[in-house]
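Source file: data.txt. Holds: compact mmCIF, C-alpha atoms.
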# COMPACT_ATOMS: atom_id res chain seq x y z
CA MET A 1 88.51 124.33 -127.80
CA ILE A 2 91.66 123.41 -125.91
CA GLY A 3 94.51 122.35 -128.16
CA ILE A 4 92.37 121.14 -131.05
CA GLU A 5 90.47 123.02 -133.69
CA LEU A 6 87.42 120.92 -134.36
CA ASP A 7 86.11 123.50 -136.79
CA ASN A 8 89.05 122.58 -138.94
CA ALA A 9 87.50 120.48 -141.70
CA LYS A 10 90.66 118.46 -142.18
CA THR A 11 90.77 117.48 -138.49
CA MET A 12 87.10 116.49 -138.49
CA GLU A 13 87.65 114.42 -141.63
CA GLY A 14 90.61 112.71 -139.97
CA LEU A 15 88.49 111.95 -136.91
CA ARG A 16 85.73 110.53 -139.12
CA GLU A 17 88.25 108.23 -140.81
CA LEU A 18 89.61 107.17 -137.43
CA PHE A 19 86.19 106.37 -135.98
CA ALA A 20 85.11 104.65 -139.21
CA SER A 21 88.11 102.35 -138.93
CA ALA A 22 87.44 101.73 -135.23
CA THR A 23 83.78 101.06 -136.00
CA HIS A 24 84.81 98.50 -138.62
CA ASP A 25 86.74 96.63 -135.90
CA ALA A 26 83.83 97.03 -133.48
CA SER A 27 81.40 95.68 -136.05
CA ALA A 28 83.54 92.61 -136.64
CA ALA A 29 83.68 92.02 -132.88
CA MET A 30 79.89 92.44 -132.56
CA CYS A 31 79.28 90.01 -135.44
CA ARG A 32 81.40 87.40 -133.67
CA TRP A 33 79.69 88.05 -130.32
CA THR A 34 76.16 87.81 -131.77
CA ASN A 35 76.78 85.00 -134.27
CA GLY A 36 76.55 87.40 -137.20
CA ILE A 37 73.20 88.92 -136.24
CA ILE A 38 74.29 92.43 -135.17
CA SER A 39 76.63 94.84 -136.96
CA VAL A 40 77.46 98.50 -136.31
CA THR A 41 78.17 101.46 -138.57
CA LEU A 42 79.49 104.97 -137.96
CA ASP A 43 76.63 107.47 -138.17
CA GLU A 44 78.27 110.78 -137.43
CA VAL A 45 81.16 112.56 -135.77
CA ARG A 46 79.76 115.85 -134.55
CA ASN A 47 81.02 119.02 -133.00
CA ALA A 48 77.78 120.04 -131.28
CA PRO A 49 76.90 122.93 -128.96
CA LEU A 50 76.64 121.90 -125.31
CA GLU A 51 73.02 122.96 -124.82
CA ALA A 52 71.91 121.01 -127.89
CA ALA A 53 73.62 117.72 -127.05
CA SER A 54 70.48 115.92 -125.89
CA GLU A 55 68.47 117.19 -128.85
CA VAL A 56 71.18 116.37 -131.36
CA LEU A 57 71.29 112.84 -130.02
CA ALA A 58 67.46 112.72 -129.87
CA LEU A 59 67.59 111.36 -126.34
CA GLY A 60 64.13 112.63 -125.47
CA ASP A 61 62.89 112.32 -121.91
CA GLU A 62 62.13 108.62 -121.73
CA LEU A 63 63.92 106.06 -119.60
CA LEU A 64 66.65 104.12 -121.37
CA THR A 65 68.86 101.17 -120.55
CA MET A 66 72.54 101.99 -120.83
CA VAL A 67 75.97 100.50 -120.41
CA VAL A 68 78.71 103.02 -119.66
CA ILE A 69 82.45 102.45 -119.99
CA ALA A 70 84.81 105.16 -118.82
CA LEU A 71 88.34 105.63 -120.09
CA GLN A 72 90.22 106.43 -116.93
CA GLY A 73 93.01 108.96 -116.60
CA GLU A 74 93.72 112.21 -118.38
CA LEU A 75 93.42 110.56 -121.79
CA GLY A 76 89.86 109.61 -121.01
CA GLY A 77 86.31 109.70 -122.17
CA ASN A 78 83.03 107.87 -121.87
CA LEU A 79 81.37 105.36 -124.14
CA ILE A 80 77.62 104.97 -123.62
CA LEU A 81 75.61 102.18 -125.18
CA LEU A 82 71.91 103.16 -125.26
CA PHE A 83 68.87 100.92 -125.73
CA ASP A 84 65.20 101.32 -125.17
CA GLU A 85 63.91 98.82 -122.59
CA VAL A 86 62.31 96.40 -125.04
CA ASN A 87 65.27 96.19 -127.41
CA GLY A 88 67.86 96.01 -124.64
CA ARG A 89 66.09 93.01 -123.14
CA ARG A 90 65.63 91.44 -126.54
CA LEU A 91 69.34 91.67 -127.25
CA ALA A 92 70.21 90.24 -123.83
CA ALA A 93 67.77 87.35 -124.37
CA SER A 94 69.17 86.56 -127.81
CA LEU A 95 72.73 86.59 -126.45
CA LEU A 96 71.61 84.02 -123.89
CA GLY A 97 70.07 81.83 -126.60
CA ARG A 98 66.47 82.70 -125.76
CA SER A 99 63.80 84.01 -128.09
CA ALA A 100 62.41 86.44 -125.45
CA PRO A 101 63.10 87.56 -121.86
CA THR A 102 61.86 85.05 -119.30
CA GLU A 103 61.48 87.33 -116.24
CA PRO A 104 59.59 90.63 -115.84
CA GLU A 105 62.70 92.39 -114.46
CA TRP A 106 66.27 92.36 -115.69
CA THR A 107 68.10 89.30 -114.37
CA GLU A 108 71.77 89.48 -113.36
CA LEU A 109 72.59 87.20 -116.30
CA GLU A 110 70.86 89.55 -118.76
CA LYS A 111 72.64 92.56 -117.29
CA SER A 112 75.90 90.71 -117.55
CA ALA A 113 75.25 89.87 -121.23
CA LEU A 114 74.54 93.52 -122.01
CA MET A 115 77.58 94.73 -120.08
CA GLU A 116 79.75 92.27 -121.99
CA THR A 117 78.35 93.73 -125.22
CA GLY A 118 79.47 97.17 -124.04
CA ASN A 119 82.83 95.75 -123.09
CA ILE A 120 83.37 94.23 -126.53
CA LEU A 121 82.43 97.43 -128.32
CA GLY A 122 84.42 99.56 -125.92
CA CYS A 123 87.56 97.47 -126.31
CA ALA A 124 87.36 97.70 -130.10
CA TYR A 125 87.33 101.52 -129.89
CA VAL A 126 89.98 101.66 -127.17
CA ASN A 127 92.32 99.46 -129.18
CA ALA A 128 91.89 101.60 -132.31
CA LEU A 129 92.50 104.82 -130.37
CA SER A 130 95.51 103.34 -128.56
CA ARG A 131 97.08 102.38 -131.87
CA LEU A 132 96.52 105.88 -133.26
CA ILE A 133 97.97 107.85 -130.34
CA ASP A 134 100.50 105.15 -129.43
CA GLN A 135 99.56 105.31 -125.76
CA GLU A 136 97.81 102.96 -123.40
CA LEU A 137 94.18 103.73 -122.57
CA ARG A 138 92.52 102.22 -119.50
CA PRO A 139 88.83 101.31 -119.83
CA SER A 140 86.78 100.81 -116.66
CA ALA A 141 84.54 97.83 -116.02
CA PRO A 142 81.16 98.30 -117.75
CA TYR A 143 78.46 99.99 -115.65
CA PHE A 144 74.78 99.05 -116.15
CA ILE A 145 72.27 101.86 -115.61
CA GLN A 146 68.58 102.47 -116.30
CA ASP A 147 67.71 106.16 -116.31
CA TYR A 148 67.01 109.17 -118.51
CA GLY A 149 69.51 109.25 -121.37
CA ALA A 150 70.14 112.98 -120.97
CA SER A 151 71.00 112.54 -117.27
CA VAL A 152 73.69 110.01 -118.04
CA LEU A 153 75.02 112.04 -120.95
CA GLN A 154 75.49 115.04 -118.62
CA GLN A 155 77.83 113.15 -116.35
CA ALA A 156 79.68 111.71 -119.33
CA ILE A 157 80.44 115.11 -120.85
CA MET A 158 81.50 116.95 -117.68
CA SER A 159 85.20 117.09 -118.44
CA GLN A 160 84.52 118.47 -121.92
CA ALA A 161 81.91 120.91 -120.61
CA ALA A 162 84.37 122.32 -118.08
CA LEU A 163 86.61 123.55 -120.89
CA ASP A 164 84.36 124.29 -123.82
CA ASP A 165 80.81 125.14 -124.89
CA ARG A 166 80.96 122.56 -127.67
CA LEU A 167 81.26 118.79 -127.58
CA LEU A 168 82.88 116.21 -129.80
CA ILE A 169 80.46 113.31 -130.06
CA CYS A 170 80.82 110.12 -132.08
CA GLU A 171 77.57 108.27 -132.84
CA ILE A 172 77.29 104.68 -133.95
CA GLY A 173 74.19 102.86 -135.21
CA PHE A 174 73.23 99.19 -134.95
CA HIS A 175 71.82 96.88 -137.61
CA ARG A 176 70.23 93.43 -137.34
CA LYS A 177 70.51 91.50 -140.59
CA GLY A 178 70.61 94.80 -142.48
CA GLU A 179 67.67 96.36 -140.61
CA ARG A 180 68.40 99.49 -138.59
CA LEU A 181 67.79 99.20 -134.83
CA ASP A 182 67.01 101.95 -132.38
CA TRP A 183 70.18 101.37 -130.35
CA ARG A 184 73.08 103.73 -130.28
CA VAL A 185 76.58 104.20 -128.97
CA VAL A 186 77.82 107.64 -128.04
CA PHE A 187 81.53 108.19 -127.44
CA VAL A 188 82.67 111.41 -125.76
CA PRO A 189 86.46 111.81 -125.49
CA THR A 190 88.00 114.23 -122.99
CA PRO A 191 89.74 117.35 -124.31
CA ALA A 192 93.15 115.77 -123.58
CA LEU A 193 92.29 112.70 -125.64
CA GLN A 194 90.93 114.91 -128.44
CA THR A 195 94.21 116.79 -128.46
CA ALA A 196 96.19 113.55 -128.60
CA MET A 197 94.02 112.25 -131.45
CA ALA A 198 94.36 115.48 -133.43
CA ALA A 199 98.14 115.55 -132.92
CA ALA A 200 98.41 111.96 -134.14
CA LEU A 201 96.25 112.69 -137.17
CA HIS A 202 98.33 115.74 -138.07
CA ALA A 203 101.55 113.78 -137.66
CA ALA A 204 100.22 111.04 -139.93
CA SER A 205 99.08 113.42 -142.69
CA MET B 1 70.61 127.86 -129.65
CA SER B 2 66.99 128.70 -128.84
CA THR B 3 64.75 126.56 -126.65
CA THR B 4 62.16 124.23 -128.10
CA THR B 5 58.54 124.87 -127.10
CA ASN B 6 55.79 122.33 -127.64
CA PRO B 7 52.73 124.44 -128.67
CA ALA B 8 50.27 121.80 -127.46
CA THR B 9 51.61 121.59 -123.92
CA GLN B 10 53.12 125.10 -123.71
CA GLU B 11 56.24 123.36 -122.41
CA SER B 12 59.77 124.56 -123.14
CA LEU B 13 62.73 122.20 -122.91
CA VAL B 14 65.64 123.90 -121.17
CA GLY B 15 68.93 122.43 -122.44
CA MET B 16 72.28 122.34 -120.70
CA GLY B 17 73.54 125.83 -119.90
CA GLN B 18 70.28 127.50 -120.92
CA ILE B 19 68.10 129.87 -118.87
CA VAL B 20 64.46 130.39 -119.80
CA ALA B 21 61.92 132.86 -118.39
CA ALA B 22 58.18 132.23 -118.64
CA GLN B 23 54.76 133.14 -117.35
CA PRO B 24 51.55 131.05 -117.09
CA PRO B 25 50.41 128.90 -118.79
CA ARG B 26 53.87 128.10 -120.06
CA GLN B 27 55.92 125.46 -118.24
CA MET B 28 59.59 124.66 -118.43
CA LYS B 29 61.14 121.23 -118.41
CA ALA B 30 64.69 119.94 -117.93
CA ILE B 31 66.26 116.51 -117.60
CA VAL B 32 69.06 116.61 -115.06
CA GLY B 33 71.58 114.14 -113.71
CA SER B 34 74.60 115.76 -112.12
CA CYS B 35 73.35 119.15 -113.42
CA ILE B 36 70.99 121.35 -111.40
CA ALA B 37 67.57 122.61 -112.42
CA LEU B 38 67.21 125.87 -110.49
CA GLY B 39 63.80 127.55 -110.57
CA LEU B 40 63.21 131.08 -109.29
CA HIS B 41 59.64 132.32 -108.97
CA HIS B 42 57.93 135.55 -108.11
CA PRO B 43 54.66 134.50 -106.39
CA ARG B 44 52.67 137.70 -106.91
CA LEU B 45 53.70 138.53 -110.47
CA LYS B 46 53.79 134.85 -111.43
CA MET B 47 57.00 134.86 -113.36
CA GLY B 48 59.34 131.90 -113.35
CA VAL B 49 62.91 131.46 -114.55
CA LEU B 50 64.53 128.04 -114.90
CA ALA B 51 68.28 127.49 -115.32
CA HIS B 52 69.94 124.23 -116.31
CA ILE B 53 73.29 124.59 -114.53
CA VAL B 54 76.09 122.25 -115.61
CA LEU B 55 79.15 123.10 -113.52
CA PRO B 56 79.89 124.83 -110.19
CA ASP B 57 82.36 127.57 -111.06
CA SER B 58 83.12 129.68 -114.13
CA ALA B 59 86.55 130.63 -112.73
CA GLY B 60 86.13 134.01 -114.39
CA ARG B 61 85.63 132.61 -117.89
CA GLY B 62 83.07 134.14 -120.20
CA GLY B 63 80.65 132.22 -122.33
CA THR B 64 77.18 130.89 -121.58
CA PRO B 65 76.14 132.30 -118.16
CA GLY B 66 73.63 129.50 -117.49
CA LYS B 67 76.37 126.91 -117.59
CA PHE B 68 77.92 127.81 -114.22
CA ALA B 69 76.33 128.29 -110.77
CA ASP B 70 78.18 131.53 -110.05
CA THR B 71 77.11 133.19 -113.31
CA ALA B 72 73.64 131.66 -113.69
CA VAL B 73 72.11 133.19 -110.55
CA PRO B 74 73.07 136.82 -111.40
CA LYS B 75 71.83 136.28 -114.97
CA MET B 76 68.49 134.96 -113.68
CA LEU B 77 68.06 138.03 -111.47
CA GLU B 78 68.89 140.24 -114.45
CA MET B 79 66.10 138.55 -116.43
CA PHE B 80 63.57 139.35 -113.71
CA LYS B 81 64.72 142.97 -113.66
CA GLN B 82 64.52 143.24 -117.45
CA ALA B 83 60.91 142.04 -117.25
CA GLY B 84 60.16 144.70 -114.63
CA VAL B 85 59.78 142.12 -111.86
CA PRO B 86 61.41 143.00 -108.53
CA THR B 87 63.94 140.47 -107.26
CA GLN B 88 62.83 140.71 -103.64
CA ASN B 89 60.60 137.90 -102.35
CA LEU B 90 61.72 135.40 -104.97
CA THR B 91 61.51 131.75 -104.02
CA ALA B 92 64.08 129.21 -105.15
CA LYS B 93 63.63 125.50 -105.78
CA LEU B 94 66.26 123.14 -107.05
CA ALA B 95 66.61 119.55 -108.18
CA GLY B 96 69.49 117.44 -109.47
CA GLY B 97 73.11 117.09 -108.37
CA ALA B 98 73.10 113.31 -108.66
CA ASN B 99 76.18 111.18 -109.02
CA MET B 100 74.92 109.08 -111.87
CA PHE B 101 77.55 106.37 -111.79
CA GLY B 102 77.38 105.85 -108.02
CA GLY B 103 80.03 106.67 -105.44
CA SER B 104 82.78 104.81 -107.27
CA GLY B 105 82.00 106.10 -110.74
CA PRO B 106 83.85 108.68 -112.79
CA LEU B 107 83.51 112.39 -111.99
CA GLN B 108 81.58 113.16 -108.81
CA ILE B 109 80.39 116.62 -109.84
CA GLY B 110 76.83 116.49 -108.48
CA ASP B 111 77.65 117.39 -104.86
CA ALA B 112 79.86 120.29 -105.98
CA ASN B 113 77.04 121.63 -108.14
CA VAL B 114 74.56 121.58 -105.23
CA GLU B 115 77.00 123.35 -102.95
CA ALA B 116 77.85 126.01 -105.55
CA VAL B 117 74.19 126.77 -106.34
CA THR B 118 73.35 126.99 -102.62
CA GLN B 119 76.26 129.38 -102.11
CA ALA B 120 75.29 131.56 -105.10
CA LEU B 121 71.71 131.84 -103.82
CA ARG B 122 72.94 132.71 -100.33
CA GLN B 123 75.11 135.48 -101.78
CA ALA B 124 72.10 136.81 -103.69
CA GLY B 125 69.98 136.72 -100.52
CA ILE B 126 67.49 134.21 -101.96
CA ARG B 127 65.98 131.56 -99.71
CA ILE B 128 65.72 127.96 -100.92
CA SER B 129 62.13 126.93 -100.23
CA ALA B 130 62.47 123.32 -101.38
CA GLN B 131 64.99 121.00 -102.97
CA ASP B 132 65.42 117.42 -104.15
CA VAL B 133 69.13 116.79 -104.66
CA GLY B 134 71.81 114.09 -104.58
CA GLY B 135 71.37 110.37 -104.99
CA ASN B 136 72.33 108.48 -108.11
CA ARG B 137 69.29 108.84 -110.34
CA GLY B 138 68.36 111.26 -113.07
CA ARG B 139 65.39 113.59 -112.68
CA ARG B 140 62.77 114.89 -115.10
CA VAL B 141 61.88 118.34 -113.78
CA THR B 142 58.84 120.43 -114.72
CA PHE B 143 58.62 123.99 -113.40
CA GLU B 144 55.28 125.77 -113.67
CA CYS B 145 54.88 129.51 -113.36
CA GLU B 146 51.44 129.88 -111.69
CA GLU B 147 52.39 128.67 -108.20
CA GLY B 148 56.10 128.07 -108.80
CA GLN B 149 55.70 124.33 -108.29
CA MET B 150 58.54 122.07 -109.32
CA ILE B 151 57.50 118.53 -110.21
CA VAL B 152 60.32 116.00 -109.97
CA GLU B 153 60.13 112.52 -111.52
CA SER B 154 62.84 109.89 -111.04
CA ALA B 155 63.06 106.34 -112.38
CA GLY B 156 61.50 103.90 -109.94
CA LEU B 157 60.56 106.56 -107.35
CA PRO B 158 57.29 108.36 -106.58
CA THR B 159 56.84 111.77 -108.21
CA LYS B 160 57.55 114.69 -105.88
CA THR B 161 56.04 118.15 -105.97
CA LEU B 162 58.27 120.81 -104.45
Take the structure I supplied and represent it as structure tokens, if you would.
Amino acid sequence: MIGIELDNAKTMEGLRELFASATHDASAAMCRWTNGIISVTLDEVRNAPLEAASEVLALGDELLTMVVIALQGELGGNLILLFDEVNGRRLAASLLGRSAPTEPEWTELEKSALMETGNILGCAYVNALSRLIDQELRPSAPYFIQDYGASVLQQAIMSQAALDDRLLICEIGFHRKGERLDWRVVFVPTPALQTAMAAALHAAS
Amino acid sequence: MSTTTNPATQESLVGMGQIVAAQPPRQMKAIVGSCIALGLHHPRLKMGVLAHIVLPDSAGRGGTPGKFADTAVPKMLEMFKQAGVPTQNLTAKLAGGANMFGGSGPLQIGDANVEAVTQALRQAGIRISAQDVGGNRGRRVTFECEEGQMIVESAGLPTKTL
């Protein structure tokens, strides 16, 4: 790993605390956005082997609906919000004040509602990371995509894969009124951002 | 990390950076976006090898050979040789190399992967008999060892058999 020892238990614990704090902010933002219906919790911060990434994340080979936000620049990364088709549309419908989707295909309004959800989550994480490393991070506009989850993950992890055979992955789970939902967020920081995070954690300890 | 094989379907999932060799009735499967699924097949001895290539160039680094185009192809040939299968008359099929986030998205690695795999095959003297590359969609690829067929499924598009 370049500049960061993720096998170091202390560093991993620091990263878990960081992402738990960021997830707390993200959950508060999601509660406001969904009128208290949806909350999020930190599931895991993993240092997983490259070849096992899809399996570890249980992405399978089915089509998923995703919103991707890229952190642009050297201190970058990708945040992917993953839904199965039914639940993605259900969330979009509920955000638009409907009990169920009204059209057979995704409407632009539904896509927009889902992208805004990604934006709200993404901003909560970006703000937390920016505070930690004391540097500005630049998130892209959200990108809506329907495809195989593993295909999208591949593109998201390229900058990590170029430098290492292992990946740092942060997983977040969703809950509706306390019930766990099959939606997930995966955040993959670039090696440079990992290094900056680790340096900030060491400086703070 | 070893591959996962479903005993019912005799299908092995080939993860990123992995290379798997098989013979009938076993099939190999990979999900690729910007990565490349490269299948080599010996038609007479009915052996297939599938690599899930992630990046174009190892730049001399060690590590997992299946991860890079320039190290994956020699490793695949070595696997044929180890199985006693001559590396002449191999056919190559490839799928993947998409730019998943479109032309304006982050990291356009798909095109570079296609070019690097093509170059590595040319250097090894292996002809590409069919390919389905580029675009901005992911692909579910199944490679069977009897005829060396590569079945490519993409969201919203008809299934192709290479």
Separation of atom CA of Glu11 of chain B from atom CA of Ala92 of chain B in Å = 19.8 Å
Residues of segment 50-151 of chain A at most 9 Å from segment 179-194 of chain A: nearest atom pair and distance in Å, all atoms listed in the file, as JSON lines:
{"residue": "A:Leu57", "atom": "CA", "partner": "A:Val186", "partner_atom": "CA", "distance": 8.6}
{"residue": "A:Leu71", "atom": "CA", "partner": "A:Pro189", "partner_atom": "CA", "distance": 8.4}
{"residue": "A:Glu74", "atom": "CA", "partner": "A:Ala192", "partner_atom": "CA", "distance": 6.3}
{"residue": "A:Leu75", "atom": "CA", "partner": "A:Leu193", "partner_atom": "CA", "distance": 4.5}
{"residue": "A:Gly76", "atom": "CA", "partner": "A:Thr190", "partner_atom": "CA", "distance": 5.4}
{"residue": "A:Gly77", "atom": "CA", "partner": "A:Pro189", "partner_atom": "CA", "distance": 3.9}
{"residue": "A:Asn78", "atom": "CA", "partner": "A:Val188", "partner_atom": "CA", "distance": 5.3}
{"residue": "A:Leu79", "atom": "CA", "partner": "A:Phe187", "partner_atom": "CA", "distance": 4.4}
{"residue": "A:Ile80", "atom": "CA", "partner": "A:Val186", "partner_atom": "CA", "distance": 5.2}
{"residue": "A:Leu81", "atom": "CA", "partner": "A:Val185", "partner_atom": "CA", "distance": 4.4}
{"residue": "A:Leu82", "atom": "CA", "partner": "A:Arg184", "partner_atom": "CA", "distance": 5.2}
{"residue": "A:Phe83", "atom": "CA", "partner": "A:Trp183", "partner_atom": "CA", "distance": 4.8}
{"residue": "A:Asp84", "atom": "CA", "partner": "A:Trp183", "partner_atom": "CA", "distance": 7.2}
{"residue": "A:Asn87", "atom": "CA", "partner": "A:Trp183", "partner_atom": "CA", "distance": 7.7}
{"residue": "A:Gly88", "atom": "CA", "partner": "A:Trp183", "partner_atom": "CA", "distance": 8.2}
{"residue": "A:Leu121", "atom": "CA", "partner": "A:Val185", "partner_atom": "CA", "distance": 9.0}
{"residue": "A:Ile133", "atom": "CA", "partner": "A:Leu193", "partner_atom": "CA", "distance": 8.8}
Write the selection just made, keeping C-alpha atoms, as an mmCIF file, keeping the file's coordinate frame?
data_model
loop_
_atom_site.group_PDB
_atom_site.id
_atom_site.type_symbol
_atom_site.label_atom_id
_atom_site.label_comp_id
_atom_site.auth_asym_id
_atom_site.auth_seq_id
_atom_site.Cartn_x
_atom_site.Cartn_y
_atom_site.Cartn_z
ATOM 1 C CA LEU A 57 71.290 112.840 -130.020
ATOM 2 C CA LEU A 71 88.340 105.630 -120.090
ATOM 3 C CA GLU A 74 93.720 112.210 -118.380
ATOM 4 C CA LEU A 75 93.420 110.560 -121.790
ATOM 5 C CA GLY A 76 89.860 109.610 -121.010
ATOM 6 C CA GLY A 77 86.310 109.700 -122.170
ATOM 7 C CA ASN A 78 83.030 107.870 -121.870
ATOM 8 C CA LEU A 79 81.370 105.360 -124.140
ATOM 9 C CA ILE A 80 77.620 104.970 -123.620
ATOM 10 C CA LEU A 81 75.610 102.180 -125.180
ATOM 11 C CA LEU A 82 71.910 103.160 -125.260
ATOM 12 C CA PHE A 83 68.870 100.920 -125.730
ATOM 13 C CA ASP A 84 65.200 101.320 -125.170
ATOM 14 C CA ASN A 87 65.270 96.190 -127.410
ATOM 15 C CA GLY A 88 67.860 96.010 -124.640
ATOM 16 C CA LEU A 121 82.430 97.430 -128.320
ATOM 17 C CA ILE A 133 97.970 107.850 -130.340
#
Residues near Leu167 of chain A, cut-off 9 Å, only C-alpha atoms, skip fewer than 2 positions along chain, as a list in words =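 In the requested format, the answer is Arg46, Asn47, Ala48, Pro49, Leu50, Ala53, Ile157, Gln160, Ala161, Asp164, Asp165, Ile169, Val188 and Pro189 of chain A.
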Per-residue nearest contacts of chain B to chain A (7 Å; only C-alpha atoms) as a Markdown table:
| residue | atom | partner | partner_atom | distance |
| --- | --- | --- | --- | --- |
| B:Gly15 | CA | A:Glu51 | CA | 4.8 |
| B:Met16 | CA | A:Glu51 | CA | 4.2 |
| B:Gly17 | CA | A:Glu51 | CA | 5.7 |
| B:Gln18 | CA | A:Glu51 | CA | 6.6 |
| B:Ile31 | CA | A:Ser151 | CA | 6.2 |
| B:Val32 | CA | A:Ser151 | CA | 5.0 |
| B:Gly33 | CA | A:Ser151 | CA | 3.9 |
| B:Ser34 | CA | A:Gln155 | CA | 5.9 |
| B:Cys35 | CA | A:Gln154 | CA | 7.0 |
| B:Leu55 | CA | A:Ala162 | CA | 7.0 |
| B:Met100 | CA | A:Val152 | CA | 6.4 |
| B:Arg137 | CA | A:Asp147 | CA | 6.7 |
| B:Gly138 | CA | A:Ser151 | CA | 5.1 |
| B:Ala155 | CA | A:Asp147 | CA | 6.1 |
Counting only C-alpha atoms, which residues sit no farther than 8 Å from the position (65.6, 125.8, -122.7) in the file's frame? I'd like them as a PDB file with C-alpha atoms, in the frame of the given file.
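Result written to part.pdb:
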ATOM      1  CA  SER B   2      66.990 128.700-128.840  1.00  0.00           C
ATOM      2  CA  THR B   3      64.750 126.560-126.650  1.00  0.00           C
ATOM      3  CA  THR B   4      62.160 124.230-128.100  1.00  0.00           C
ATOM      4  CA  SER B  12      59.770 124.560-123.140  1.00  0.00           C
ATOM      5  CA  LEU B  13      62.730 122.200-122.910  1.00  0.00           C
ATOM      6  CA  VAL B  14      65.640 123.900-121.170  1.00  0.00           C
ATOM      7  CA  GLY B  15      68.930 122.430-122.440  1.00  0.00           C
ATOM      8  CA  MET B  16      72.280 122.340-120.700  1.00  0.00           C
ATOM      9  CA  GLN B  18      70.280 127.500-120.920  1.00  0.00           C
ATOM     10  CA  ILE B  19      68.100 129.870-118.870  1.00  0.00           C
ATOM     11  CA  VAL B  20      64.460 130.390-119.800  1.00  0.00           C
ATOM     12  CA  MET B  28      59.590 124.660-118.430  1.00  0.00           C
ATOM     13  CA  LYS B  29      61.140 121.230-118.410  1.00  0.00           C
ATOM     14  CA  ALA B  30      64.690 119.940-117.930  1.00  0.00           C
ATOM     15  CA  HIS B  52      69.940 124.230-116.310  1.00  0.00           C
TER      16      HIS B  52
END
Enter the distance from atom CA of Ser27 of chain A to atom CA of Phe101 of chain B, in Å, rounded to one decimal.
-> 26.8 Å
